[in-house]
Amino acid sequence: MTDDNGDRTERLIILDAMRGFAVMGILTMNIVAFAMPEMAYVSPRAYGGETASDITAWAFGFILFDGKMRGLFSILFGASMLLIIDRAEAAGREPRSIHYRRMAWLAIFGLCHYYFIWWGDILFLYAAVGCIAFRFRKWEARRLIKWALGLFTLGVVLTSLFFGAQLAVASAADDPASPMAEAGQSVREEYARIDGEVTAELALFRGPYLPILDERLDNAVNPLVMVVMSFLETLPLMLLGMALFRNGFLAGTWSTRDYRRIALRWLPPGLALTALVGWLQWRADFDYIVAVNAFLAWAAPGRLMMTIAYAALLVLAIRRAEGSALIARVAAAGRAAFSNYLGTSIVMTTVFYGYGLGLFGDVGRWTLYLMCLAMWALMLLWSKPWLDRFRYGPLEWLWRSLARGAVQPMRKAPSAQ
């Protein structure tokens, strides 16, 4: 997401449209977190996995979307961040102060999002990691890619060791003679509490607003926990975005053959690895400890492969359809990605939580995808007419004005329409 909406070249339509596809695509998984208890996002055993149809819907989301749209969103955040830094330098402005003011206000938006709207915020995470990513802005693309892959690998290894150790200890509970049996039983008891937490979440989110707010305030450190847990995934993805902007990949300057080569190199193994992880969870009857390992560690390599392949395929699709009415609307949704992201949270919590329509926990997984389509339509319907008249999306304008310390011009001049 970006608050930048300066003069657009034809090449940057690709970046806007990719951001539009990403902000729409991220809802395919977030909608489960809006509509069901938190653990249902990780394991259908927790909730919404009662039938074969439910499991199929879970597998569809897990294999094709889970983490891939968030990964694409993170890559595009890194690219947009670098674009704004480059433009600031080209205009003779000092990029450091511009960048850190933007990140400071984004963090504030993120905290407001978390405390007052929805627990699944990523804006605070992006602001915190974005402050670190700024230090890499001068690096050339090849070096950025090497560091990104190295840090990503480190994150997978550390997460696998930590949660894999939990799995190993828990398995010792089956052997009373094992010296780890007591510790294993403790781990299992800790995960067994999830069922009670699911019941508590159902009661909480089917109720009024103030108890939900109280619960978030009681867990005020969660945004910081999110930064710690996701840092070694999010920073590498941002660095990849910076690299792919530097080398022209995200600008659409590579040949069609090169984009196809990237897609064919990474999509098949990514799909195979992700499907294997999904099968392992099914074989384990979606045991919570296995599901957490799969979600946080085992699925990560496949997610990265598929994210890169999706990026290549999206560039090809956007280039082919460039100039079409659909791509114009998707690009507009991308230019207003900040407004669309937060607007989606407002709409979906109103639909599902008790202070709105109260549908929390009452909508099946397949039906959620239909609701997802409706929200996509809403994004596509409002974004372009708005940006035909105004320079920025409403929240993009607010972010830009706050970061610059001055009210920015909003309405376009008649000649620019």
# chains A, B, ... in the order shown; residues from 1 in each chain; ligands from 1

$ residues_around --residues "Thr56 in chain A" --least-positions-apart "5" --cutoff "10 Å" --atoms "only C-alpha atoms" --output "JSON, numbers by chain"
{"A": [49, 51, 61, 62, 365, 366]}

$ select_by_dssp --residues "range 252-396 of chain A" --states "alpha helix (DSSP H)" --output "MDAnalysis selection string"
chainID A and resid 256:283 288:293 300:321 325:335 337:352 365:389 394:396

$ closest_residue --among "A:Ala299, A:Ala311, A:Val292, A:Ile63" --to "Phe162 in chain A" --atoms "only C-alpha atoms"
A:Val292

$ atom_distance --atom1 "CA of Leu154 in chain A" --atom2 "CA of Phe231 in chain A"
11.0 Å

$ closest_atom_pairs --of "range 191-308 of chain A" --to "range 107-121 of chain A" --cutoff "8 Å" --atoms "only C-alpha atoms" --output "tab-separated table"
residue	atom	partner	partner_atom	distance
A:Leu213	CA	A:Phe116	CA	6.4
A:Arg216	CA	A:Tyr115	CA	5.7
A:Leu217	CA	A:Tyr115	CA	6.7
A:Ala220	CA	A:Tyr115	CA	7.9
A:Pro223	CA	A:Leu111	CA	7.5

$ write_last_selection --atoms "C-alpha atoms" --output "PDB file, in the first residue's frame"
ATOM      1  CA  LEU A 213     -12.662  -3.575  22.971  1.00  0.00           C
ATOM      2  CA  ARG A 216      -8.127  -6.104  22.883  1.00  0.00           C
ATOM      3  CA  LEU A 217      -6.978  -3.609  25.509  1.00  0.00           C
ATOM      4  CA  ALA A 220      -2.355  -4.630  24.215  1.00  0.00           C
ATOM      5  CA  PRO A 223       0.872  -5.959  17.886  1.00  0.00           C
TER       6      PRO A 223
END

$ closest_residue --among "A:Leu314, A:Ile132, A:His99, A:Glu89" --to "Phe249 in chain A" --atoms "only C-alpha atoms"
A:Leu314

$ closest_residue --among "A:Arg261, A:Arg93, A:Arg143, A:Arg283" --to "Pro236 in chain A" --atoms "only C-alpha atoms"
A:Arg143

$ atom_distance --atom1 "CA of Ser186 in chain A" --atom2 "CA of Ala173 in chain A"
8.7 Å

$ atom_distance --atom1 "CA of Thr349 in chain A" --atom2 "CA of Ala17 in chain A"
26.1 Å

$ residues_around --residues "range 275-282 of chain A" --least-positions-apart "3" --cutoff "10 Å" --atoms "only C-alpha atoms" --output "MDAnalysis selection string"
chainID A and resid 43:45 55 58:60 62:64 269:272 285:295 298:300 302

$ closest_residue --among "A:Glu189, A:Lys68, A:Ala127, A:Gly78" --to "Leu267 in chain A" --atoms "only C-alpha atoms"
A:Lys68

$ residues_around --residues "Cys131 in chain A" --least-positions-apart "3" --cutoff "7 Å" --atoms "only C-alpha atoms" --output "list in words"
Tyr100, Met103, Ala127, Ala128 and Phe134 of chain A

$ write_last_selection --atoms "N, CA and C atoms" --output "PDB file, in the first residue's frame"
ATOM      1  N   TYR A 100      10.237   8.054   7.725  1.00  0.00           N
ATOM      2  CA  TYR A 100       9.926   7.740   9.118  1.00  0.00           C
ATOM      3  C   TYR A 100       8.644   8.413   9.590  1.00  0.00           C
ATOM      4  N   MET A 103       5.997   6.055   8.311  1.00  0.00           N
ATOM      5  CA  MET A 103       5.922   4.834   9.113  1.00  0.00           C
ATOM      6  C   MET A 103       5.319   5.112  10.493  1.00  0.00           C
ATOM      7  N   ALA A 127       4.730  -1.031   9.467  1.00  0.00           N
ATOM      8  CA  ALA A 127       5.404   0.200   9.887  1.00  0.00           C
ATOM      9  C   ALA A 127       6.705  -0.120  10.627  1.00  0.00           C
ATOM     10  N   ALA A 128       6.645  -1.090  11.542  1.00  0.00           N
ATOM     11  CA  ALA A 128       7.836  -1.445  12.311  1.00  0.00           C
ATOM     12  C   ALA A 128       8.923  -2.028  11.418  1.00  0.00           C
ATOM     13  N   PHE A 134      14.239   0.433   5.517  1.00  0.00           N
ATOM     14  CA  PHE A 134      14.790   1.683   4.977  1.00  0.00           C
ATOM     15  C   PHE A 134      16.306   1.640   4.903  1.00  0.00           C
TER      16      PHE A 134
END

$ closest_residue --among "A:Ala40, A:Ala181, A:Ala35, A:Leu342" --to "Asp195 in chain A" --atoms "only C-alpha atoms"
A:Ala40

$ residues_around --residues "Gly323 in chain A" --least-positions-apart "3" --cutoff "12 Å" --atoms "only C-alpha atoms" --output "PyMOL selection string"
chain A and resi 10-11+13-14+17+317-320+326-331

$ write_last_selection --atoms "C-alpha atoms" --output "tab-separated table (two decimals), in the first residue's frame"
chain	number	residue	atom	x	y	z
A	10	GLU	CA	2.25	3.53	-18.12
A	11	ARG	CA	4.71	1.14	-16.48
A	13	ILE	CA	-0.08	0.76	-13.88
A	14	ILE	CA	1.34	-2.74	-13.39
A	17	ALA	CA	-2.95	-3.31	-10.58
A	317	ALA	CA	-1.92	-10.97	-17.16
A	318	ILE	CA	-1.87	-7.22	-16.50
A	319	ARG	CA	0.35	-6.53	-19.50
A	320	ARG	CA	-1.93	-8.58	-21.73
A	326	LEU	CA	-11.19	-4.38	-15.66
A	327	ILE	CA	-7.49	-3.58	-15.21
A	328	ALA	CA	-8.34	0.13	-14.89
A	329	ARG	CA	-10.67	-0.71	-12.00
A	330	VAL	CA	-8.23	-3.13	-10.37
A	331	ALA	CA	-5.46	-0.51	-10.62
